[in-house]
Amino acid sequence: MSPWLALAIWLLVVATIIPVMGMAIGYAEMKISAHMQSRIGPYFAGGRFGWAQLIADGVKFFQKEDLVPDNADRPVFKMAPVLVMVGTVGLFVVIPFGPGLTPQNLDLGIFYALAISSIGTIGVLMAGWSSGNKYSLMGGLRAAGQLIAYELPLVLAVVGVVILAGTMSLDGIVQAQISWFSEAGWSLGMPFVIVQAVGLGVFFVASLAELSRIPFDMPIAESELVMGYLTEYSGFRFLFFFLAEFANMFTLSAIAATLFLGGYWVPGVPDSILQFVGPLVLLGKIALFVFVSIWFRWTFPRFREDQLQTLAWKWLVPISLANIIVTGVLKVVL
Amino acid sequence: MELVDYLPVAVMLVLATVFVGASLIVSKMLSPHRPTPEKLAPYECGIIAEGEPSTRFPIQFYMVAMLFVVFDVEIIFLFAWASRFTDLGWFGIAAMAIFTFFVIETLIYVWKRGALDWNVPGRRRYLPAAVGQRMD
């Protein structure tokens with residue numbers, strides 16, 4: 001197979017995965033939240049279980065008027081959702097879905113992923129700044145402050161994994177977990193969560209904050225800021241922010257699963273079968289993280305802005321730095 | 001690792017832009033366009049908008065951004081060190097520990113000066129006792 005054909009196939013796959021996963025997670029959120037509150041959730045659209053609800057919503061968004069307020073900085077206002085979307089799509093390039101099933105196995109894998117995911121921050125800030133609405137501005141600033149503060153624990157939590165794996169390539173990190181104890185002839189795998197439980201905890205909390213999900217949703221706190229930086233958006237531009245949020249949830253969960261739970265790997269299954277089962281295993285692990293974050297959303301109340309910053313700077317950053325030091329020393333000693 | 005390896009990344013970014021562009025065209029065809037002054041005014045839940053959109057905001061947002069830059073530089077070196085960890089051994093740990101110490105020192109300084117305290121009541125900053133302790 002020529003590399004160009006492979007590339008084209010991957011592009012096609014990714015171009016379908018993003019909207020499908022975005023909608024699947026959106027639907028899961030509606031259904032799970034409904035059942036957690038003893039409601040039914042969507043049940044009408046599509047005949048049974050309301051499975052077509054999100055498709056119907058999507059079509060509806062496209063029919064809505066695309067408003068740009070008079071006060072808005074037009075080019076910046078229009079660019080913002082594009083930038084948020086680009087940051088999300090770029091992440092899909094490096095996620096390993098199975099042995100040899102990485103769209104592009106970059107040596108800088110995880111570093112690239114963390115870098116490109118922070119492009120979305122700029123998009124959010126642009127949205128808040130350009131809307132010409134004081135609630136949007138406040139929401140955008142809160143978002144920027146929050147995303148910046150939680151970028152640090154998120155990235156620092158990954159360093160422990162990189163130390164253990166000795167590589168930044170995501171495929172390499174999975175391989176390191178598969179053959180952790182390897183003698184001549186046999187090998188025993190270990191998902192990094194066993195030794196990096198602290199890292200996973202910090203990474204998960206920080207990624208919830210990066211996604212601005214409850215309990216970290218001050219940027220779009222409805223009761224204070226209308227809809228934060230999204231206030232002035234309508235139609236398909238709003239849809240992009242919405243889709244990007246759920247697609248980001250998917251990718252960040254995928255990265256968490258790859259780094260800490262062994263990605264596509266299940267113990268005792270050879271590579272030849274993993275090639276086909278791998279993507280499903282990864283999906284299962286992603287579903288676990290997605291479920292927990294939806295669960296969090298309907299369990300915890302919203303933080304205050306000062307509590308949020310205190311948690312980031314006074315707890316998560318020192319904890320993750322200590323985690324790096326302990327990991328490093330233990331690896332050299334053992 | 002060559003630059004060619006990043007080609008899919010570039011293609012993906014182009015794809016994202018195309019995706020957005022196509023959506024724009026579809027939306028243009030499907031959606032109505034009837035702006036009125038009320039629709040184009042800033043949305044404030046139905047009441048007439050008050051005040052300027054660009055207001056003053058707390059200094060802490062700047063502080064966070066500045067502190068972030070310091071730590072971001074630290075992170076770049078941490079990753080470079082972590083991926084060559086086994087080769088560097090104790091030497092690497094010692095070097096990183098010294099470097100990290102100075103960054104943590106910054107955090108402690110900022111912490112003690114009160115830049116991370118977001119919820120200090122406004123009038124406290126005018127009390128004589130508070131001057132010199134707090135920088136909010």
# chains A, B, ... in the order shown; residues from 1 in each chain; ligands from 1
>>> closest_atom_pairs(of="chain B", to="chain A", cutoff="8 Å", atoms="only C-alpha atoms", output="JSON lines")
{"residue": "B:Met1", "atom": "CA", "partner": "A:Asp107", "partner_atom": "CA", "distance": 6.9}
{"residue": "B:Asp5", "atom": "CA", "partner": "A:Leu106", "partner_atom": "CA", "distance": 7.0}
{"residue": "B:Tyr6", "atom": "CA", "partner": "A:Leu106", "partner_atom": "CA", "distance": 7.6}
{"residue": "B:Pro8", "atom": "CA", "partner": "A:Gln104", "partner_atom": "CA", "distance": 6.9}
{"residue": "B:Val9", "atom": "CA", "partner": "A:Gly90", "partner_atom": "CA", "distance": 6.4}
{"residue": "B:Met12", "atom": "CA", "partner": "A:Gly90", "partner_atom": "CA", "distance": 6.2}
{"residue": "B:Leu13", "atom": "CA", "partner": "A:Val86", "partner_atom": "CA", "distance": 6.0}
{"residue": "B:Ala16", "atom": "CA", "partner": "A:Val86", "partner_atom": "CA", "distance": 5.6}
{"residue": "B:Thr17", "atom": "CA", "partner": "A:Val82", "partner_atom": "CA", "distance": 6.9}
{"residue": "B:Val20", "atom": "CA", "partner": "A:Val82", "partner_atom": "CA", "distance": 6.5}
{"residue": "B:Ser23", "atom": "CA", "partner": "A:Phe236", "partner_atom": "CA", "distance": 7.5}
{"residue": "B:Leu24", "atom": "CA", "partner": "A:Phe236", "partner_atom": "CA", "distance": 7.7}
{"residue": "B:Val26", "atom": "CA", "partner": "A:Phe62", "partner_atom": "CA", "distance": 7.3}
{"residue": "B:Ser27", "atom": "CA", "partner": "A:Phe62", "partner_atom": "CA", "distance": 4.9}
{"residue": "B:Leu30", "atom": "CA", "partner": "A:Gln63", "partner_atom": "CA", "distance": 5.1}
{"residue": "B:Ser31", "atom": "CA", "partner": "A:Gln63", "partner_atom": "CA", "distance": 4.2}
{"residue": "B:Pro32", "atom": "CA", "partner": "A:Glu65", "partner_atom": "CA", "distance": 5.4}
{"residue": "B:His33", "atom": "CA", "partner": "A:Glu65", "partner_atom": "CA", "distance": 5.9}
{"residue": "B:Arg34", "atom": "CA", "partner": "A:Glu65", "partner_atom": "CA", "distance": 7.9}
{"residue": "B:Pro35", "atom": "CA", "partner": "A:Leu67", "partner_atom": "CA", "distance": 7.5}
{"residue": "B:Lys39", "atom": "CA", "partner": "A:Pro69", "partner_atom": "CA", "distance": 7.4}
{"residue": "B:Leu40", "atom": "CA", "partner": "A:Pro69", "partner_atom": "CA", "distance": 4.2}
{"residue": "B:Ala41", "atom": "CA", "partner": "A:Pro69", "partner_atom": "CA", "distance": 6.0}
{"residue": "B:Pro42", "atom": "CA", "partner": "A:Asn133", "partner_atom": "CA", "distance": 5.5}
{"residue": "B:Tyr43", "atom": "CA", "partner": "A:Glu232", "partner_atom": "CA", "distance": 6.7}
{"residue": "B:Glu44", "atom": "CA", "partner": "A:Val226", "partner_atom": "CA", "distance": 7.6}
{"residue": "B:Cys45", "atom": "CA", "partner": "A:Val226", "partner_atom": "CA", "distance": 7.4}
{"residue": "B:Glu52", "atom": "CA", "partner": "A:Lys134", "partner_atom": "CA", "distance": 7.3}
{"residue": "B:Pro53", "atom": "CA", "partner": "A:Lys134", "partner_atom": "CA", "distance": 4.3}
{"residue": "B:Ser54", "atom": "CA", "partner": "A:Lys134", "partner_atom": "CA", "distance": 6.3}
{"residue": "B:Thr55", "atom": "CA", "partner": "A:Lys134", "partner_atom": "CA", "distance": 7.0}
{"residue": "B:Phe57", "atom": "CA", "partner": "A:Met138", "partner_atom": "CA", "distance": 7.9}
{"residue": "B:Phe61", "atom": "CA", "partner": "A:Gly145", "partner_atom": "CA", "distance": 5.8}
{"residue": "B:Val64", "atom": "CA", "partner": "A:Gly145", "partner_atom": "CA", "distance": 6.4}
{"residue": "B:Ala65", "atom": "CA", "partner": "A:Ile148", "partner_atom": "CA", "distance": 6.8}
{"residue": "B:Phe68", "atom": "CA", "partner": "A:Ile148", "partner_atom": "CA", "distance": 6.7}
{"residue": "B:Phe71", "atom": "CA", "partner": "A:Leu152", "partner_atom": "CA", "distance": 7.2}
{"residue": "B:Asp72", "atom": "CA", "partner": "A:Leu152", "partner_atom": "CA", "distance": 7.4}
{"residue": "B:Ile75", "atom": "CA", "partner": "A:Leu156", "partner_atom": "CA", "distance": 7.1}
{"residue": "B:Leu78", "atom": "CA", "partner": "A:Val159", "partner_atom": "CA", "distance": 7.1}
{"residue": "B:Phe79", "atom": "CA", "partner": "A:Val159", "partner_atom": "CA", "distance": 6.3}
{"residue": "B:Ala82", "atom": "CA", "partner": "A:Ile163", "partner_atom": "CA", "distance": 4.6}
{"residue": "B:Ser83", "atom": "CA", "partner": "A:Gly166", "partner_atom": "CA", "distance": 4.7}
{"residue": "B:Arg84", "atom": "CA", "partner": "A:Gly166", "partner_atom": "CA", "distance": 6.3}
{"residue": "B:Phe85", "atom": "CA", "partner": "A:Ile163", "partner_atom": "CA", "distance": 6.0}
{"residue": "B:Thr86", "atom": "CA", "partner": "A:Gly166", "partner_atom": "CA", "distance": 7.3}
{"residue": "B:Gly89", "atom": "CA", "partner": "A:Val332", "partner_atom": "CA", "distance": 6.3}
{"residue": "B:Trp90", "atom": "CA", "partner": "A:Val332", "partner_atom": "CA", "distance": 7.2}
{"residue": "B:Ile93", "atom": "CA", "partner": "A:Gly328", "partner_atom": "CA", "distance": 7.1}
{"residue": "B:Leu116", "atom": "CA", "partner": "A:Thr310", "partner_atom": "CA", "distance": 6.9}
{"residue": "B:Asp117", "atom": "CA", "partner": "A:Asp306", "partner_atom": "CA", "distance": 7.1}
{"residue": "B:Trp118", "atom": "CA", "partner": "A:Asp306", "partner_atom": "CA", "distance": 4.9}
{"residue": "B:Asn119", "atom": "CA", "partner": "A:Asp306", "partner_atom": "CA", "distance": 6.0}
>>> write_last_selection(atoms="C-alpha atoms", output="short mmCIF file (atom, residue, chain, number, x, y, z; two decimals), in the first residue's frame")
data_model
loop_
_atom_site.label_atom_id
_atom_site.label_comp_id
_atom_site.auth_asym_id
_atom_site.auth_seq_id
_atom_site.Cartn_x
_atom_site.Cartn_y
_atom_site.Cartn_z
CA MET B 1 12.56 11.62 12.18
CA ASP B 5 6.78 12.75 9.06
CA TYR B 6 4.83 15.84 9.96
CA PRO B 8 -0.07 14.09 7.97
CA VAL B 9 -0.27 16.78 10.63
CA MET B 12 -5.01 17.12 8.96
CA LEU B 13 -4.95 20.83 9.70
CA ALA B 16 -9.99 20.72 9.55
CA THR B 17 -10.05 24.03 7.71
CA VAL B 20 -15.09 24.23 8.62
CA SER B 23 -19.89 23.73 6.98
CA LEU B 24 -19.86 27.45 6.36
CA VAL B 26 -23.85 24.45 3.90
CA SER B 27 -24.95 26.75 6.69
CA LEU B 30 -29.71 26.45 4.78
CA SER B 31 -29.94 29.30 7.24
CA PRO B 32 -31.91 32.55 6.96
CA HIS B 33 -30.18 35.91 7.19
CA ARG B 34 -32.42 38.62 8.62
CA PRO B 35 -30.43 40.73 11.06
CA LYS B 39 -30.33 40.66 17.32
CA LEU B 40 -27.01 42.38 16.74
CA ALA B 41 -26.90 44.06 20.15
CA PRO B 42 -24.87 42.41 22.92
CA TYR B 43 -26.94 39.69 24.56
CA GLU B 44 -27.70 40.41 28.18
CA CYS B 45 -30.71 38.20 28.80
CA GLU B 52 -18.75 49.14 28.16
CA PRO B 53 -17.91 45.61 27.01
CA SER B 54 -14.23 46.05 27.82
CA THR B 55 -14.17 46.48 31.57
CA PHE B 57 -10.56 42.84 35.32
CA PHE B 61 -5.31 36.91 35.50
CA VAL B 64 -1.31 33.56 36.37
CA ALA B 65 -0.22 34.11 32.79
CA PHE B 68 2.76 30.11 33.55
CA PHE B 71 6.82 26.99 34.39
CA ASP B 72 6.39 26.40 30.70
CA ILE B 75 8.47 21.88 31.29
CA LEU B 78 11.80 18.42 31.90
CA PHE B 79 10.58 16.58 28.80
CA ALA B 82 12.74 12.62 30.88
CA SER B 83 13.13 11.07 27.44
CA ARG B 84 16.90 10.61 27.98
CA PHE B 85 16.47 9.62 31.61
CA THR B 86 18.34 6.30 31.73
CA GLY B 89 21.13 8.80 35.66
CA TRP B 90 22.04 10.57 38.91
CA ILE B 93 18.48 14.04 38.46
CA LEU B 116 -2.13 33.20 44.46
CA ASP B 117 -4.74 34.40 46.96
CA TRP B 118 -7.74 35.30 44.86
CA ASN B 119 -10.33 35.98 47.47
#
>>> select_by_dssp(residues="segment 40-262 of chain A", states="alpha helix (DSSP H)", output="ChimeraX atom specification")
/A:53-63,74-91,109-117,119-130,134-165,170-178,197-210,222-225,235-260
>>> write_last_selection(atoms="C-alpha atoms", output="CSV table (one decimal), in the first residue's frame")
chain,number,residue,atom,x,y,z
A,53,GLN,CA,-31.3,13.2,18.8
A,54,LEU,CA,-27.8,14.5,18.3
A,55,ILE,CA,-28.0,14.2,14.4
A,56,ALA,CA,-31.3,16.1,14.5
A,57,ASP,CA,-29.6,18.8,16.8
A,58,GLY,CA,-26.7,19.1,14.3
A,59,VAL,CA,-29.0,19.6,11.3
A,60,LYS,CA,-31.0,22.1,13.4
A,61,PHE,CA,-27.8,24.1,14.2
A,62,PHE,CA,-27.0,24.4,10.5
A,63,GLN,CA,-30.4,26.0,9.8
A,74,ARG,CA,-15.6,40.3,13.0
A,75,PRO,CA,-12.5,38.4,11.7
A,76,VAL,CA,-11.4,37.3,15.1
A,77,PHE,CA,-15.0,36.4,16.1
A,78,LYS,CA,-15.3,34.2,13.0
A,79,MET,CA,-11.9,32.6,13.3
A,80,ALA,CA,-12.3,31.5,16.9
A,81,PRO,CA,-14.4,28.3,16.4
A,82,VAL,CA,-12.1,27.3,13.5
A,83,LEU,CA,-9.1,27.5,15.8
A,84,VAL,CA,-10.8,25.4,18.5
A,85,MET,CA,-11.7,22.8,15.9
A,86,VAL,CA,-8.1,22.7,14.5
A,87,GLY,CA,-6.7,22.1,17.9
A,88,THR,CA,-9.0,19.1,18.4
A,89,VAL,CA,-8.5,17.5,15.0
A,90,GLY,CA,-4.7,17.8,15.1
A,91,LEU,CA,-4.7,15.6,18.2
A,109,GLY,CA,4.1,12.2,20.2
A,110,ILE,CA,2.9,13.2,23.6
A,111,PHE,CA,4.7,16.6,23.5
A,112,TYR,CA,3.0,17.3,20.2
A,113,ALA,CA,-0.4,16.3,21.5
A,114,LEU,CA,-0.1,18.5,24.6
A,115,ALA,CA,1.1,21.4,22.4
A,116,ILE,CA,-1.6,21.2,19.8
A,117,SER,CA,-4.4,20.7,22.4
A,119,ILE,CA,-4.2,25.9,20.6
A,120,GLY,CA,-7.9,25.6,21.6
A,121,THR,CA,-7.1,27.9,24.5
A,122,ILE,CA,-6.2,30.7,22.1
A,123,GLY,CA,-9.5,30.1,20.3
A,124,VAL,CA,-11.5,30.4,23.5
A,125,LEU,CA,-9.7,33.6,24.5
A,126,MET,CA,-10.3,35.0,21.0
A,127,ALA,CA,-14.0,34.1,21.3
A,128,GLY,CA,-14.3,35.9,24.6
A,129,TRP,CA,-12.3,38.9,23.5
A,130,SER,CA,-13.9,39.5,20.2
A,134,LYS,CA,-18.8,41.9,29.0
A,135,TYR,CA,-20.0,38.4,30.0
A,136,SER,CA,-18.1,36.9,27.0
A,137,LEU,CA,-15.0,38.8,28.0
A,138,MET,CA,-15.2,37.7,31.6
A,139,GLY,CA,-15.8,34.1,30.5
A,140,GLY,CA,-12.9,34.2,28.1
A,141,LEU,CA,-10.6,35.6,30.8
A,142,ARG,CA,-11.7,33.0,33.2
A,143,ALA,CA,-11.2,30.3,30.6
A,144,ALA,CA,-7.7,31.6,29.8
A,145,GLY,CA,-6.8,31.7,33.5
A,146,GLN,CA,-8.1,28.3,34.0
A,147,LEU,CA,-6.7,26.6,31.0
A,148,ILE,CA,-3.3,28.1,31.6
A,149,ALA,CA,-3.2,27.1,35.2
A,150,TYR,CA,-4.3,23.5,34.6
A,151,GLU,CA,-2.0,23.1,31.6
A,152,LEU,CA,0.9,22.8,34.0
A,153,PRO,CA,-0.3,19.9,36.2
A,154,LEU,CA,-1.6,18.2,33.0
A,155,VAL,CA,1.8,18.3,31.3
A,156,LEU,CA,3.8,17.7,34.5
A,157,ALA,CA,1.8,14.5,35.2
A,158,VAL,CA,2.9,13.1,31.9
A,159,VAL,CA,6.6,13.6,32.7
A,160,GLY,CA,6.5,10.6,35.1
A,161,VAL,CA,5.3,8.4,32.3
A,162,VAL,CA,7.9,9.7,29.9
A,163,ILE,CA,10.6,8.9,32.5
A,164,LEU,CA,9.3,5.3,32.8
A,165,ALA,CA,8.9,4.7,29.1
A,170,LEU,CA,2.8,7.4,22.1
A,171,ASP,CA,3.3,4.0,20.4
A,172,GLY,CA,6.6,3.7,22.2
A,173,ILE,CA,4.9,4.3,25.6
A,174,VAL,CA,2.3,1.6,24.9
A,175,GLN,CA,5.2,-0.8,23.9
A,176,ALA,CA,7.0,0.0,27.1
A,177,GLN,CA,3.9,-1.0,29.1
A,178,ILE,CA,3.5,-4.2,27.1
A,197,ALA,CA,-1.6,6.4,40.1
A,198,VAL,CA,-0.8,9.9,41.4
A,199,GLY,CA,0.0,10.9,37.9
A,200,LEU,CA,-3.3,9.6,36.5
A,201,GLY,CA,-5.2,11.4,39.3
A,202,VAL,CA,-3.5,14.7,38.5
A,203,PHE,CA,-3.9,14.2,34.8
A,204,PHE,CA,-7.6,13.3,35.1
A,205,VAL,CA,-8.5,16.3,37.3
A,206,ALA,CA,-6.4,18.6,35.1
A,207,SER,CA,-8.0,17.3,31.9
A,208,LEU,CA,-11.5,17.9,33.4
A,209,ALA,CA,-10.4,21.5,34.0
A,210,GLU,CA,-9.0,21.7,30.5
A,222,GLU,CA,-24.8,29.9,33.3
A,223,SER,CA,-25.9,31.5,36.5
A,224,GLU,CA,-23.2,34.1,36.5
A,225,LEU,CA,-22.1,34.7,32.9
A,235,GLY,CA,-25.8,28.4,14.5
A,236,PHE,CA,-23.0,26.3,13.3
A,237,ARG,CA,-20.3,28.3,15.0
A,238,PHE,CA,-21.8,27.4,18.3
A,239,LEU,CA,-22.0,23.8,17.1
A,240,PHE,CA,-18.3,23.8,16.5
A,241,PHE,CA,-17.5,24.7,20.1
A,242,PHE,CA,-20.0,22.1,21.2
A,243,LEU,CA,-18.5,19.4,18.9
A,244,ALA,CA,-15.0,20.3,19.9
A,245,GLU,CA,-15.8,19.9,23.6
A,246,PHE,CA,-17.0,16.4,23.1
A,247,ALA,CA,-14.3,15.5,20.6
A,248,ASN,CA,-11.7,16.9,23.0
A,249,MET,CA,-13.2,14.7,25.7
A,250,PHE,CA,-12.6,11.7,23.5
A,251,THR,CA,-9.0,12.6,22.6
A,252,LEU,CA,-7.9,13.5,26.2
A,253,SER,CA,-9.5,10.2,27.4
A,254,ALA,CA,-7.7,8.4,24.7
A,255,ILE,CA,-4.4,9.9,25.7
A,256,ALA,CA,-5.0,9.1,29.4
A,257,ALA,CA,-5.9,5.5,28.4
A,258,THR,CA,-2.7,5.3,26.3
A,259,LEU,CA,-0.4,6.7,28.9
A,260,PHE,CA,-1.7,5.1,32.0
>>> select_by_dssp(residues="segment 93-262 of chain A", states="strand (DSSP E or B)", output="number ranges by chain")
A: 181-182, 187-188
>>> write_last_selection(atoms="N, CA and C atoms", output="mmCIF file, in the first residue's frame")
data_model
loop_
_atom_site.group_PDB
_atom_site.id
_atom_site.type_symbol
_atom_site.label_atom_id
_atom_site.label_comp_id
_atom_site.auth_asym_id
_atom_site.auth_seq_id
_atom_site.Cartn_x
_atom_site.Cartn_y
_atom_site.Cartn_z
ATOM 1 N N PHE A 181 8.497 -5.963 32.173
ATOM 2 C CA PHE A 181 9.497 -6.898 32.655
ATOM 3 C C PHE A 181 9.810 -7.829 31.505
ATOM 4 N N SER A 182 10.932 -7.626 30.821
ATOM 5 C CA SER A 182 11.203 -8.553 29.731
ATOM 6 C C SER A 182 12.544 -9.236 29.936
ATOM 7 N N SER A 187 7.902 -12.024 28.481
ATOM 8 C CA SER A 187 7.765 -10.657 28.958
ATOM 9 C C SER A 187 6.433 -10.502 29.676
ATOM 10 N N LEU A 188 6.416 -9.598 30.613
ATOM 11 C CA LEU A 188 5.214 -9.369 31.411
ATOM 12 C C LEU A 188 4.908 -7.876 31.357
#
>>> residues_around(residues="Lys31 of chain A", least_positions_apart="4", cutoff="9 Å", atoms="only C-alpha atoms", output="ChimeraX atom specification")
/A:26-27,35-36,39-42
